$ cat query08.csv   # CSV, C-alpha atoms and all ligand atoms
chain,number,residue,atom,x,y,z
S,3,MET,CA,-32.6,-9.9,7.0
S,4,ARG,CA,-31.5,-7.6,4.3
S,5,PHE,CA,-28.1,-5.9,4.2
S,6,ALA,CA,-27.9,-2.3,3.1
S,7,ARG,CA,-27.4,-1.9,-0.6
S,8,ARG,CA,-24.1,-0.1,-0.2
S,9,MET,CA,-22.6,-3.4,1.0
S,10,ASP,CA,-22.8,-4.7,-2.6
S,11,LYS,CA,-20.2,-2.1,-3.5
S,12,LEU,CA,-17.5,-3.2,-1.0
S,13,GLY,CA,-14.9,-5.6,-2.5
S,14,VAL,CA,-13.0,-8.4,-0.9
S,15,VAL,CA,-9.2,-8.1,-0.6
S,16,ALA,CA,-7.8,-10.7,-3.1
S,17,SER,CA,-4.7,-11.5,-1.0
S,18,PHE,CA,-6.8,-12.6,2.0
S,19,GLU,CA,-8.9,-14.8,-0.3
S,20,VAL,CA,-5.9,-16.5,-1.8
S,21,LEU,CA,-4.3,-16.8,1.7
S,22,GLN,CA,-7.5,-18.6,2.9
S,23,LYS,CA,-7.4,-21.1,0.0
S,24,ALA,CA,-3.7,-21.7,0.5
S,25,LYS,CA,-4.2,-22.3,4.2
S,26,GLN,CA,-6.9,-24.8,3.4
S,27,MET,CA,-4.5,-26.7,1.0
S,28,GLU,CA,-1.9,-26.7,3.8
S,29,ALA,CA,-4.4,-28.2,6.2
S,30,GLU,CA,-4.9,-30.9,3.6
S,31,GLY,CA,-1.2,-31.6,3.7
S,32,ARG,CA,0.1,-29.6,0.7
S,33,ASP,CA,3.4,-27.7,0.9
S,34,ILE,CA,2.7,-24.1,-0.1
S,35,ILE,CA,5.1,-21.2,-0.6
S,36,HIS,CA,3.4,-17.9,0.3
S,37,LEU,CA,4.1,-15.1,-2.1
S,38,GLU,CA,0.7,-13.5,-1.8
S,39,ILE,CA,1.4,-11.7,1.4
S,40,GLY,CA,1.5,-8.0,1.8
S,41,GLU,CA,3.5,-7.7,5.0
S,42,PRO,CA,7.1,-7.8,6.0
S,43,ASP,CA,8.2,-11.2,7.3
S,44,PHE,CA,10.6,-9.5,9.8
S,45,LYS,CA,9.9,-9.2,13.5
S,46,THR,CA,9.2,-5.9,15.1
S,47,ALA,CA,12.4,-4.6,16.7
S,48,ASP,CA,12.9,-5.4,20.4
S,49,HIS,CA,13.1,-1.8,21.6
S,50,ILE,CA,9.7,-1.2,20.1
S,51,LYS,CA,8.2,-4.3,21.7
S,52,GLU,CA,9.7,-3.3,25.0
S,53,ALA,CA,8.1,0.1,24.7
S,54,GLY,CA,4.7,-1.6,24.2
S,55,ILE,CA,5.2,-3.8,27.2
S,56,GLN,CA,6.3,-0.8,29.3
S,57,ALA,CA,3.2,1.1,28.2
S,58,ILE,CA,1.0,-1.6,29.6
S,59,ARG,CA,2.9,-1.5,32.9
S,60,ASP,CA,2.6,2.2,33.0
S,61,ASN,CA,-1.1,1.9,32.6
S,62,TYR,CA,-1.5,3.4,29.2
S,63,THR,CA,-4.7,1.5,29.0
S,64,HIS,CA,-7.2,4.3,28.6
S,65,TYR,CA,-8.4,6.4,25.7
S,66,SER,CA,-6.3,9.2,24.1
S,67,ALA,CA,-7.6,12.1,22.2
S,68,ALA,CA,-9.2,11.0,18.8
S,69,SER,CA,-6.2,12.5,17.0
S,70,GLY,CA,-3.7,10.6,19.1
S,71,PHE,CA,-1.3,11.5,22.0
S,72,TRP,CA,0.3,15.0,21.5
S,73,ASP,CA,3.8,13.7,21.9
S,74,LEU,CA,3.3,11.1,19.2
S,75,ARG,CA,1.9,13.7,16.9
S,76,GLU,CA,5.0,15.9,17.6
S,77,ALA,CA,7.3,12.9,16.9
S,78,ILE,CA,5.5,12.1,13.6
S,79,ALA,CA,5.5,15.8,12.6
S,80,GLU,CA,9.3,15.9,13.1
S,81,TYR,CA,9.9,12.5,11.4
S,82,GLU,CA,7.9,13.4,8.4
S,83,SER,CA,9.2,17.0,8.0
S,84,LYS,CA,12.8,15.6,7.9
S,85,PHE,CA,11.9,13.0,5.3
S,86,LYS,CA,9.2,14.3,3.0
S,87,GLY,CA,10.6,17.8,2.2
S,88,PHE,CA,7.8,19.9,3.7
S,89,GLU,CA,7.1,21.3,7.1
S,90,VAL,CA,4.5,19.4,9.2
S,91,SER,CA,3.1,20.6,12.5
S,92,PRO,CA,1.6,18.3,15.1
S,93,GLU,CA,-1.9,19.8,14.5
S,94,GLU,CA,-1.7,18.5,11.0
S,95,VAL,CA,-1.2,14.9,12.1
S,96,VAL,CA,-4.1,12.5,12.6
S,97,VAL,CA,-3.1,9.1,14.2
S,98,THR,CA,-5.2,6.1,13.2
S,99,SER,CA,-5.4,2.3,13.6
S,100,GLY,CA,-3.1,1.5,10.7
S,101,GLY,CA,-2.9,3.6,7.5
S,102,LYS,CA,-6.1,2.2,6.0
S,103,PRO,CA,-8.6,4.4,7.9
S,104,ILE,CA,-7.0,7.4,6.3
S,105,MET,CA,-8.2,6.2,2.8
S,106,TYR,CA,-11.7,5.8,4.0
S,107,TYR,CA,-11.8,9.1,5.9
S,108,ALA,CA,-10.2,11.1,3.0
S,109,ILE,CA,-12.7,9.7,0.5
S,110,THR,CA,-15.6,10.1,2.8
S,111,LEU,CA,-14.7,13.7,3.6
S,112,PHE,CA,-14.4,14.8,0.0
S,113,SER,CA,-16.7,12.8,-2.3
S,114,GLN,CA,-20.4,12.2,-2.5
S,115,ARG,CA,-22.8,10.6,-5.0
S,116,GLY,CA,-21.6,10.8,-8.6
S,117,ASP,CA,-18.2,12.4,-7.8
S,118,GLU,CA,-15.3,11.0,-9.7
S,119,ILE,CA,-12.0,10.0,-8.2
S,120,LEU,CA,-8.9,9.2,-10.3
S,121,SER,CA,-7.4,6.0,-8.9
S,122,PRO,CA,-4.2,4.2,-10.1
S,123,ASN,CA,-4.8,0.9,-11.9
S,124,PRO,CA,-3.3,-1.6,-11.4
S,125,GLY,CA,-3.5,-0.3,-7.9
S,126,TYR,CA,-4.4,-1.1,-4.3
S,127,PRO,CA,-7.9,-2.5,-4.7
S,128,VAL,CA,-9.3,-0.9,-1.5
S,129,TYR,CA,-9.3,2.6,-3.2
S,130,GLU,CA,-11.9,1.6,-5.8
S,131,SER,CA,-13.9,-0.4,-3.3
S,132,ILE,CA,-14.2,2.5,-0.8
S,133,ILE,CA,-14.9,5.0,-3.6
S,134,ARG,CA,-17.9,2.9,-4.7
S,135,PHE,CA,-19.0,2.3,-1.1
S,136,CYS,CA,-19.1,6.1,-0.6
S,137,GLY,CA,-21.3,6.5,-3.8
S,138,GLY,CA,-18.5,7.8,-6.0
S,139,LYS,CA,-17.2,6.6,-9.3
S,140,PRO,CA,-13.6,5.4,-9.5
S,141,ILE,CA,-11.9,6.5,-12.7
S,142,PRO,CA,-8.9,4.2,-13.2
S,143,PHE,CA,-5.8,5.7,-14.6
S,144,PRO,CA,-3.3,3.3,-16.0
S,145,PHE,CA,0.0,3.4,-14.3
S,146,LEU,CA,1.6,0.9,-16.5
S,147,GLY,CA,2.8,1.1,-20.1
S,148,ILE,CA,3.7,-1.8,-22.4
S,149,ASN,CA,5.4,-3.7,-19.7
S,150,ALA,CA,6.9,-0.5,-18.4
S,151,PHE,CA,5.4,1.0,-15.3
S,152,ASN,CA,5.4,4.5,-16.5
S,153,PHE,CA,3.0,7.4,-16.3
S,154,ASP,CA,1.1,8.7,-19.3
S,155,PRO,CA,0.5,12.5,-18.7
S,156,GLY,CA,-1.7,13.0,-21.8
S,157,LEU,CA,-4.1,10.1,-20.9
S,158,PHE,CA,-4.2,11.2,-17.2
S,159,LYS,CA,-5.2,14.8,-18.2
S,160,SER,CA,-8.0,13.5,-20.5
S,161,LEU,CA,-9.6,11.7,-17.6
S,162,VAL,CA,-10.3,14.8,-15.6
S,163,THR,CA,-13.9,16.1,-15.9
S,164,PRO,CA,-16.0,18.7,-14.0
S,165,ARG,CA,-17.1,15.8,-11.7
S,166,THR,CA,-13.6,15.0,-10.7
S,167,LYS,CA,-13.0,15.6,-6.9
S,168,MET,CA,-9.8,13.8,-6.0
S,169,ILE,CA,-6.7,12.1,-7.3
S,170,ILE,CA,-5.3,9.1,-5.5
S,171,LEU,CA,-1.6,8.4,-5.8
S,172,ASN,CA,0.5,5.6,-4.4
S,173,THR,CA,4.2,5.8,-4.5
S,174,PRO,CA,6.0,3.4,-4.4
S,175,SER,CA,3.1,1.5,-5.8
S,176,ASN,CA,1.5,-1.7,-4.6
S,177,PRO,CA,1.4,-3.8,-6.8
S,178,THR,CA,4.0,-2.6,-9.3
S,179,GLY,CA,6.7,-1.2,-7.1
S,180,THR,CA,7.1,1.7,-9.3
S,181,ILE,CA,7.5,5.3,-8.1
S,182,PHE,CA,6.3,8.6,-9.5
S,183,THR,CA,9.1,10.8,-10.8
S,184,GLN,CA,9.3,14.4,-9.7
S,185,LYS,CA,8.3,15.4,-13.2
S,186,ASP,CA,5.2,13.2,-13.1
S,187,LEU,CA,4.3,14.7,-9.7
S,188,GLU,CA,4.7,18.3,-10.9
S,189,PHE,CA,2.4,17.5,-13.9
S,190,ILE,CA,-0.2,16.0,-11.6
S,191,ALA,CA,0.1,19.0,-9.2
S,192,LYS,CA,-0.5,21.4,-12.0
S,193,ILE,CA,-3.7,19.5,-12.9
S,194,ALA,CA,-4.8,19.4,-9.3
S,195,ILE,CA,-4.3,23.1,-8.7
S,196,ARG,CA,-5.9,24.1,-12.0
S,197,ASN,CA,-9.0,22.0,-11.4
S,198,ASP,CA,-9.2,22.5,-7.6
S,199,LEU,CA,-8.8,18.8,-6.8
S,200,MET,CA,-7.8,17.1,-3.6
S,201,VAL,CA,-5.0,14.5,-3.6
S,202,LEU,CA,-4.7,11.5,-1.4
S,203,SER,CA,-1.1,10.4,-1.5
S,204,ASP,CA,-0.6,6.9,-0.1
S,205,GLU,CA,3.1,6.9,0.9
S,206,ILE,CA,3.0,3.8,3.1
S,207,TYR,CA,6.0,2.3,1.3
S,208,SER,CA,8.0,5.5,1.1
S,209,ARG,CA,10.8,4.2,3.3
S,210,ILE,CA,11.2,1.1,1.2
S,211,VAL,CA,12.9,2.4,-1.9
S,212,TYR,CA,15.9,0.9,-3.6
S,213,ASP,CA,16.5,2.9,-6.8
S,214,GLY,CA,15.4,6.3,-7.8
S,215,GLU,CA,14.2,8.9,-5.3
S,216,PHE,CA,11.0,9.1,-3.3
S,217,ASN,CA,9.2,12.4,-3.7
S,218,SER,CA,6.0,13.5,-2.0
S,219,ILE,CA,3.6,15.6,-4.1
S,220,ALA,CA,2.8,17.5,-0.9
S,221,ALA,CA,6.3,19.1,-1.1
S,222,ILE,CA,5.4,20.9,-4.4
S,223,PRO,CA,4.5,24.5,-3.8
S,224,GLY,CA,0.7,24.9,-3.6
S,225,MET,CA,0.1,21.2,-2.9
S,226,LYS,CA,0.3,20.8,0.9
S,227,GLU,CA,-3.0,22.7,1.3
S,228,ARG,CA,-4.8,20.2,-1.0
S,229,THR,CA,-3.1,16.9,-0.1
S,230,ILE,CA,-3.7,14.2,2.5
S,231,VAL,CA,-0.6,12.1,3.0
S,232,LEU,CA,-1.1,8.5,4.2
S,233,ASP,CA,1.7,6.8,6.0
S,234,GLY,CA,2.4,4.6,9.0
S,235,LEU,CA,4.5,1.9,10.6
S,236,SER,CA,3.0,-1.2,9.2
S,237,LYS,CA,5.5,-1.7,6.4
S,238,SER,CA,8.5,0.4,7.4
S,239,HIS,CA,8.8,-1.1,10.9
S,240,ALA,CA,7.2,-4.5,10.4
S,241,MET,CA,4.3,-3.6,12.6
S,242,THR,CA,1.2,-4.6,10.6
S,243,GLY,CA,-0.5,-6.2,13.6
S,244,TRP,CA,0.1,-3.2,15.9
S,245,ARG,CA,-2.2,-1.1,13.7
S,246,LEU,CA,-0.6,2.4,13.6
S,247,GLY,CA,-0.8,4.8,10.8
S,248,TRP,CA,-1.4,8.5,10.3
S,249,GLY,CA,-2.5,11.2,7.9
S,250,ILE,CA,-0.9,14.6,7.3
S,251,MET,CA,-3.2,17.3,6.1
S,252,PRO,CA,-4.1,21.0,6.6
S,253,LYS,CA,-5.5,21.8,10.0
S,254,ASN,CA,-9.0,22.5,8.9
S,255,ILE,CA,-9.1,19.0,7.3
S,256,SER,CA,-7.5,17.3,10.3
S,257,ASN,CA,-10.2,18.8,12.6
S,258,MET,CA,-12.9,17.2,10.4
S,259,MET,CA,-11.0,13.9,10.2
S,260,ASN,CA,-10.5,13.8,13.9
S,261,ARG,CA,-14.3,14.1,14.3
S,262,LEU,CA,-14.7,11.1,12.0
S,263,ASN,CA,-12.0,9.1,13.8
S,264,GLY,CA,-13.6,9.8,17.2
S,265,ASN,CA,-17.0,8.7,15.9
S,266,ILE,CA,-15.6,5.5,14.4
S,267,THR,CA,-12.7,4.2,16.5
S,268,SER,CA,-12.4,6.7,19.4
S,269,CYS,CA,-8.6,6.5,19.0
S,270,ALA,CA,-5.8,4.2,17.9
S,271,SER,CA,-4.6,1.7,20.6
S,272,THR,CA,-2.9,3.8,23.3
S,273,ILE,CA,-0.4,1.0,24.0
S,274,THR,CA,0.6,1.0,20.3
S,275,GLN,CA,0.8,4.7,20.3
S,276,ARG,CA,3.4,4.7,23.1
S,277,ALA,CA,5.4,2.0,21.2
S,278,ALA,CA,5.1,4.1,18.0
S,279,ILE,CA,7.0,7.0,19.7
S,280,GLN,CA,9.9,4.6,20.3
S,281,ALA,CA,9.6,3.2,16.7
S,282,ILE,CA,9.9,6.8,15.3
S,283,THR,CA,12.4,8.3,17.6
S,284,GLY,CA,14.5,5.2,18.4
S,285,ASP,CA,17.2,3.2,16.6
S,286,GLN,CA,16.3,2.8,12.9
S,287,THR,CA,18.8,0.0,12.2
S,288,MET,CA,16.1,-2.7,11.8
S,289,THR,CA,14.4,-0.7,9.0
S,290,HIS,CA,17.7,-0.2,7.2
S,291,GLU,CA,18.6,-3.9,7.5
S,292,MET,CA,15.1,-4.9,6.3
S,293,VAL,CA,15.4,-2.7,3.2
S,294,LYS,CA,18.8,-4.1,2.5
S,295,LYS,CA,17.5,-7.7,2.7
S,296,PHE,CA,14.5,-6.8,0.5
S,297,ARG,CA,16.8,-5.4,-2.1
S,298,GLU,CA,18.8,-8.7,-2.3
S,299,ARG,CA,15.6,-10.7,-2.6
S,300,ARG,CA,14.1,-8.4,-5.2
S,301,ASN,CA,17.2,-8.9,-7.3
S,302,LEU,CA,17.1,-12.7,-6.8
S,303,MET,CA,13.4,-12.9,-7.7
S,304,VAL,CA,13.6,-10.6,-10.8
S,305,LYS,CA,16.6,-12.6,-12.1
S,306,GLY,CA,14.9,-15.9,-11.5
S,307,LEU,CA,11.6,-14.9,-13.0
S,308,ASN,CA,13.2,-13.5,-16.1
S,309,LYS,CA,14.6,-16.9,-16.9
S,310,ILE,CA,11.1,-18.4,-17.1
S,311,PRO,CA,9.8,-18.6,-20.7
S,312,GLY,CA,6.9,-16.2,-21.1
S,313,PHE,CA,7.8,-14.0,-18.1
S,314,THR,CA,9.1,-10.5,-18.4
S,315,THR,CA,9.9,-8.8,-15.1
S,316,LEU,CA,11.0,-5.2,-14.6
S,317,LYS,CA,13.0,-4.3,-11.5
S,318,PRO,CA,10.7,-2.5,-9.1
S,319,PHE,CA,12.0,0.7,-7.4
S,320,GLY,CA,10.4,0.2,-4.1
S,321,ALA,CA,7.9,-1.7,-1.9
S,322,PHE,CA,8.3,-5.5,-1.8
S,323,TYR,CA,6.4,-6.8,-4.8
S,324,VAL,CA,7.4,-7.8,-8.4
S,325,PHE,CA,4.8,-7.5,-11.1
S,326,PRO,CA,5.9,-9.7,-14.0
S,327,ASN,CA,4.2,-9.6,-17.4
S,328,ILE,CA,3.1,-13.1,-18.2
S,329,GLU,CA,1.4,-12.6,-21.6
S,330,GLY,CA,4.1,-14.8,-23.2
S,331,THR,CA,2.8,-17.9,-21.3
S,332,GLY,CA,-0.5,-17.5,-23.3
S,333,MET,CA,-2.5,-17.8,-20.1
S,334,GLN,CA,-4.7,-15.2,-18.4
S,335,SER,CA,-3.6,-13.9,-15.0
S,336,GLN,CA,-6.3,-15.6,-12.9
S,337,VAL,CA,-5.9,-18.9,-14.8
S,338,LEU,CA,-2.2,-18.8,-14.3
S,339,ALA,CA,-2.4,-17.8,-10.6
S,340,ASN,CA,-4.8,-20.8,-10.0
S,341,PHE,CA,-2.6,-23.1,-12.1
S,342,LEU,CA,0.5,-22.2,-10.0
S,343,LEU,CA,-1.3,-22.6,-6.7
S,344,ASP,CA,-2.7,-26.0,-7.7
S,345,ASN,CA,0.3,-27.4,-9.6
S,346,ALA,CA,3.4,-25.6,-8.2
S,347,GLY,CA,2.1,-25.0,-4.6
S,348,VAL,CA,3.0,-21.3,-5.0
S,349,ALA,CA,0.4,-18.8,-3.7
S,350,LEU,CA,0.6,-15.5,-5.6
S,351,LEU,CA,-2.0,-13.0,-6.9
S,352,PRO,CA,-3.3,-12.3,-10.4
S,353,GLY,CA,-2.7,-8.8,-11.7
S,354,THR,CA,-6.5,-8.5,-12.2
S,355,GLY,CA,-6.8,-8.4,-8.4
S,356,PHE,CA,-5.5,-4.9,-8.8
S,357,GLY,CA,-7.8,-3.7,-11.5
S,358,LYS,CA,-8.5,-4.2,-15.2
S,359,TYR,CA,-5.1,-2.9,-16.3
S,360,GLY,CA,-3.5,-5.7,-14.3
S,361,GLU,CA,-4.5,-8.4,-16.9
S,362,GLY,CA,-1.4,-10.0,-18.3
S,363,TYR,CA,0.5,-9.7,-15.0
S,364,LEU,CA,1.0,-11.5,-11.6
S,365,ARG,CA,2.0,-10.0,-8.3
S,366,LEU,CA,4.6,-11.8,-6.2
S,367,SER,CA,5.7,-10.6,-2.8
S,368,TYR,CA,9.3,-11.1,-1.8
S,369,ALA,CA,8.6,-10.8,1.9
S,370,ASN,CA,9.8,-14.3,2.2
S,371,SER,CA,13.2,-16.0,2.6
S,372,SER,CA,15.7,-16.2,-0.2
S,373,ASP,CA,15.5,-20.0,0.0
S,374,ASN,CA,11.8,-19.9,-0.5
S,375,ILE,CA,12.1,-17.4,-3.4
S,376,ARG,CA,14.6,-19.7,-5.1
S,377,ALA,CA,12.3,-22.7,-4.5
S,378,ALA,CA,9.2,-20.9,-5.7
S,379,VAL,CA,10.9,-19.7,-9.0
S,380,LYS,CA,12.0,-23.3,-9.6
S,381,ARG,CA,8.6,-24.7,-8.9
S,382,ILE,CA,6.9,-22.2,-11.3
S,383,GLU,CA,9.4,-23.0,-14.0
S,384,ASP,CA,8.9,-26.8,-13.6
S,385,ALA,CA,5.1,-26.5,-13.4
S,386,LEU,CA,5.0,-24.5,-16.6
S,387,LEU,CA,7.3,-27.0,-18.3
S,388,ASN,CA,5.6,-30.1,-17.1
S,389,GLY,CA,2.1,-29.0,-16.2
S,390,ARG,CA,2.6,-30.4,-12.7
S,391,LYS,CA,4.6,-29.9,-9.5
S,401,LIG,C1,-0.8,0.7,-0.8
S,401,LIG,C2,-1.2,0.4,0.6
S,401,LIG,N1,-1.7,1.4,1.3
S,401,LIG,C3,-2.1,1.1,2.6
S,401,LIG,C4,-2.0,-0.1,3.2
S,401,LIG,C5,-2.6,-0.3,4.6
S,401,LIG,O1,-1.7,-0.4,5.6
S,401,LIG,P1,-2.1,-0.6,7.1
S,401,LIG,O2,-1.8,-2.0,7.4
S,401,LIG,O3,-1.2,0.3,7.8
S,401,LIG,O4,-3.5,-0.2,7.3
S,401,LIG,C6,-1.5,-1.2,2.5
S,401,LIG,C7,-1.4,-2.5,3.0
S,401,LIG,O5,-1.2,-3.5,2.4
S,401,LIG,C8,-1.0,-0.9,1.1
S,401,LIG,O6,-0.5,-1.9,0.4
$ encode --input "query08.csv" --output "structure tokens" --more "lines below"
Ligand SMILES: Cc1ncc(COP(=O)(O)O)c(C=O)c1O
Amino acid sequence: MRFARRMDKLGVVASFEVLQKAKQMEAEGRDIIHLEIGEPDFKTADHIKEAGIQAIRDNYTHYSAASGFWDLREAIAEYESKFKGFEVSPEEVVVTSGGKPIMYYAITLFSQRGDEILSPNPGYPVYESIIRFCGGKPIPFPFLGINAFNFDPGLFKSLVTPRTKMIILNTPSNPTGTIFTQKDLEFIAKIAIRNDLMVLSDEIYSRIVYDGEFNSIAAIPGMKERTIVLDGLSKSHAMTGWRLGWGIMPKNISNMMNRLNGNITSCASTITQRAAIQAITGDQTMTHEMVKKFRERRNLMVKGLNKIPGFTTLKPFGAFYVFPNIEGTGMQSQVLANFLLDNAGVALLPGTGFGKYGEGYLRLSYANSSDNIRAAVKRIEDALLNGRK
């Protein structure tokens, strides 16, 4: 049996690998604090769960259109129009099983062999993996200065070539938690328009912002027609397992994407789609409470980590990750991540899991209780001091 050659191009998601190793250690009796996870530790709100249960009772157990139920697309269009600063119509919404398929579909629709796609680095590793899988070439653009997560316009511009087809943005960013400023976005928009480039704007963390202001590049004049926005309920409503995301894009693109979605998944789960209407139109208290808690934990974690010799941690603006610079420890990211799992019982990710510019950093998720965050910081400090837990 021989797998197709394209399979060599598909990466594995680092967080799932570390989780697996940590689970194995737990099975052997070790006590592990999980800071590698990329999902809220909160429960889905009861009124959303009830809507899902009611959907089953009401026999929403059949296919929907590939693009999703019309009333859900209407609800998403209204929800996004209010929040993102540009008008969205239901025809411009494609509902998918989580936000991830939008990445694959957008890259598949617009790039072929040899095409170049600018991708943030450190950044969500799936972008580069899918670009390679589709025969394209990821061009990493650093979204990180000397321990400051800022954007370098001159460098960005120099990476655009006649082969460039698309720019991928992620704001707030996984793994750094930084956001693009309106000025950055206007600069990128100018480049996209001048070079006739598509933009995939991953805004899955857009409702988890603590400082600064979230802006969507699609709201800049001339950009809606060349942007595919990715968003969904996984992070904002603690619904990762329900699998509900969407893309927003011009109608001619959504028609194509629906064709792709219909070929691959038929449609998103119809039970989840009914629950999603409740998530979007119902009470948003749970989201607000969750963001409030995340903010407290972020502050706690940043303060704790900054006391550890060799760690320098900036306060992230959004999402639920911190990305400390650890060059002062004298250890490389992967070595330090392994060391901390083995000796401190803290599972976290090396910055290099997010690309080459992640060397010198770690990613820690604060989707965990304040008590566990305090304990993890203490364990890291002790392990670095003593070399053992
Ligand atoms: C930046 C980013 N985009 C998209 C996703 C995928 O979200 P979903 O679970 O809705 O597919 C994630 C999940 O970790 C993410 O971090």
$ residues_near_ligand --input "query08.csv" --ligand "ligand LIG 401 (chain S)" --cutoff "8 Å" --atoms "all atoms listed in the file" --output "list in words"
Gly40, Glu41, Ser99, Gly100, Gly101, Lys102, Pro103, Met105, Gly125, Tyr126, Asn172, Ser175, Asn176, Pro177, Asp204, Glu205, Ile206, Tyr207, Leu232, Asp233, Gly234, Leu235, Ser236, Lys237, Thr242, Gly243, Arg245, Leu246 and Gly247 of chain S
$ atom_distance --input "query08.csv" --atom1 "CA of Phe182 in chain S" --atom2 "CA of Leu202 in chain S"
14.0 Å
$ residues_around --input "query08.csv" --residues "range 251-257 of chain S" --least-positions-apart "4" --cutoff "7 Å" --atoms "all atoms listed in the file" --output "PyMOL selection string"
chain S and resi 93-96+227+229-231+261
$ write_last_selection --input "query08.csv" --atoms "C-alpha atoms" --output "PDB file, in the coordinates of the input"
ATOM      1  CA  GLU S  93      -1.900  19.800  14.500  1.00  0.00           C
ATOM      2  CA  GLU S  94      -1.700  18.500  11.000  1.00  0.00           C
ATOM      3  CA  VAL S  95      -1.200  14.900  12.100  1.00  0.00           C
ATOM      4  CA  VAL S  96      -4.100  12.500  12.600  1.00  0.00           C
ATOM      5  CA  GLU S 227      -3.000  22.700   1.300  1.00  0.00           C
ATOM      6  CA  THR S 229      -3.100  16.900  -0.100  1.00  0.00           C
ATOM      7  CA  ILE S 230      -3.700  14.200   2.500  1.00  0.00           C
ATOM      8  CA  VAL S 231      -0.600  12.100   3.000  1.00  0.00           C
ATOM      9  CA  ARG S 261     -14.300  14.100  14.300  1.00  0.00           C
TER      10      ARG S 261
END
$ atom_distance --input "query08.csv" --atom1 "CA of Gln22 in chain S" --atom2 "CA of Leu350 in chain S"
12.1 Å
$ closest_residue --input "query08.csv" --among "S:Met333, S:Ala53, S:Ile210, S:Val15" --to "Glu130 in chain S" --atoms "all atoms listed in the file"
S:Val15
$ residues_around --input "query08.csv" --residues "range 72-88 of chain S" --least-positions-apart "6" --cutoff "7 Å" --atoms "only C-alpha atoms" --output "ChimeraX atom specification"
/S:95,217-218,221,275,279,282-283
$ residues_around --input "query08.csv" --residues "range 334-346 of chain S" --least-positions-apart "2" --cutoff "7 Å" --atoms "all atoms listed in the file" --output "list in words"
Gly332, Val348, Ala349, Leu350, Leu351, Pro352, Gly353, Thr354, Glu361, Gly362, Tyr363, Leu364, Arg381, Ile382, Ala385, Arg390 and Lys391 of chain S
$ closest_residue --input "query08.csv" --among "S:Met9, S:Met225, S:Leu120, S:Ala378" --to "Leu161 in chain S" --atoms "all atoms listed in the file"
S:Leu120
$ residues_around --input "query08.csv" --residues "range 315-320 of chain S" --least-positions-apart "6" --cutoff "8 Å" --atoms "all atoms listed in the file" --output "MDAnalysis selection string"
chainID S and resid 149:150 174:175 178:181 207:208 210:214 300:301 304 307:308 326:327
$ write_last_selection --input "query08.csv" --atoms "C-alpha atoms" --output "PDB file, in the coordinates of the input"
ATOM      1  CA  ASN S 149       5.400  -3.700 -19.700  1.00  0.00           C
ATOM      2  CA  ALA S 150       6.900  -0.500 -18.400  1.00  0.00           C
ATOM      3  CA  PRO S 174       6.000   3.400  -4.400  1.00  0.00           C
ATOM      4  CA  SER S 175       3.100   1.500  -5.800  1.00  0.00           C
ATOM      5  CA  THR S 178       4.000  -2.600  -9.300  1.00  0.00           C
ATOM      6  CA  GLY S 179       6.700  -1.200  -7.100  1.00  0.00           C
ATOM      7  CA  THR S 180       7.100   1.700  -9.300  1.00  0.00           C
ATOM      8  CA  ILE S 181       7.500   5.300  -8.100  1.00  0.00           C
ATOM      9  CA  TYR S 207       6.000   2.300   1.300  1.00  0.00           C
ATOM     10  CA  SER S 208       8.000   5.500   1.100  1.00  0.00           C
ATOM     11  CA  ILE S 210      11.200   1.100   1.200  1.00  0.00           C
ATOM     12  CA  VAL S 211      12.900   2.400  -1.900  1.00  0.00           C
ATOM     13  CA  TYR S 212      15.900   0.900  -3.600  1.00  0.00           C
ATOM     14  CA  ASP S 213      16.500   2.900  -6.800  1.00  0.00           C
ATOM     15  CA  GLY S 214      15.400   6.300  -7.800  1.00  0.00           C
ATOM     16  CA  ARG S 300      14.100  -8.400  -5.200  1.00  0.00           C
ATOM     17  CA  ASN S 301      17.200  -8.900  -7.300  1.00  0.00           C
ATOM     18  CA  VAL S 304      13.600 -10.600 -10.800  1.00  0.00           C
ATOM     19  CA  LEU S 307      11.600 -14.900 -13.000  1.00  0.00           C
ATOM     20  CA  ASN S 308      13.200 -13.500 -16.100  1.00  0.00           C
ATOM     21  CA  PRO S 326       5.900  -9.700 -14.000  1.00  0.00           C
ATOM     22  CA  ASN S 327       4.200  -9.600 -17.400  1.00  0.00           C
TER      23      ASN S 327
END
$ residues_near_point --input "query08.csv" --point "(-18.9, 7.5, -7.6)" --cutoff "12 Å" --atoms "all atoms listed in the file" --output "VMD selection string"
chain S and resid 8 11 109 to 110 112 to 121 129 to 142 165 to 168
$ closest_residue --input "query08.csv" --among "S:Gly156, S:Gly31, S:Gly249, S:Pro223" --to "Gly70 in chain S" --atoms "all atoms listed in the file"
S:Gly249
$ residues_around --input "query08.csv" --residues "Arg209 in chain S" --least-positions-apart "5" --cutoff "9 Å" --atoms "all atoms listed in the file" --output "PyMOL selection string"
chain S and resi 216+237-238+289+293+320-321
$ write_last_selection --input "query08.csv" --atoms "C-alpha atoms" --output "JSON list (two decimals), in the frame of the given file"
[["chain", "number", "residue", "atom", "x", "y", "z"],
["S", 216, "PHE", "CA", 11.00, 9.10, -3.30],
["S", 237, "LYS", "CA", 5.50, -1.70, 6.40],
["S", 238, "SER", "CA", 8.50, 0.40, 7.40],
["S", 289, "THR", "CA", 14.40, -0.70, 9.00],
["S", 293, "VAL", "CA", 15.40, -2.70, 3.20],
["S", 320, "GLY", "CA", 10.40, 0.20, -4.10],
["S", 321, "ALA", "CA", 7.90, -1.70, -1.90]]
$ atom_distance --input "query08.csv" --atom1 "CA of Thr63 in chain S" --atom2 "CA of Thr274 in chain S"
10.2 Å
$ closest_residue --input "query08.csv" --among "S:Thr98, S:Asn123, S:Ser160, S:Thr183" --to "Lys358 in chain S" --atoms "only C-alpha atoms"
S:Asn123
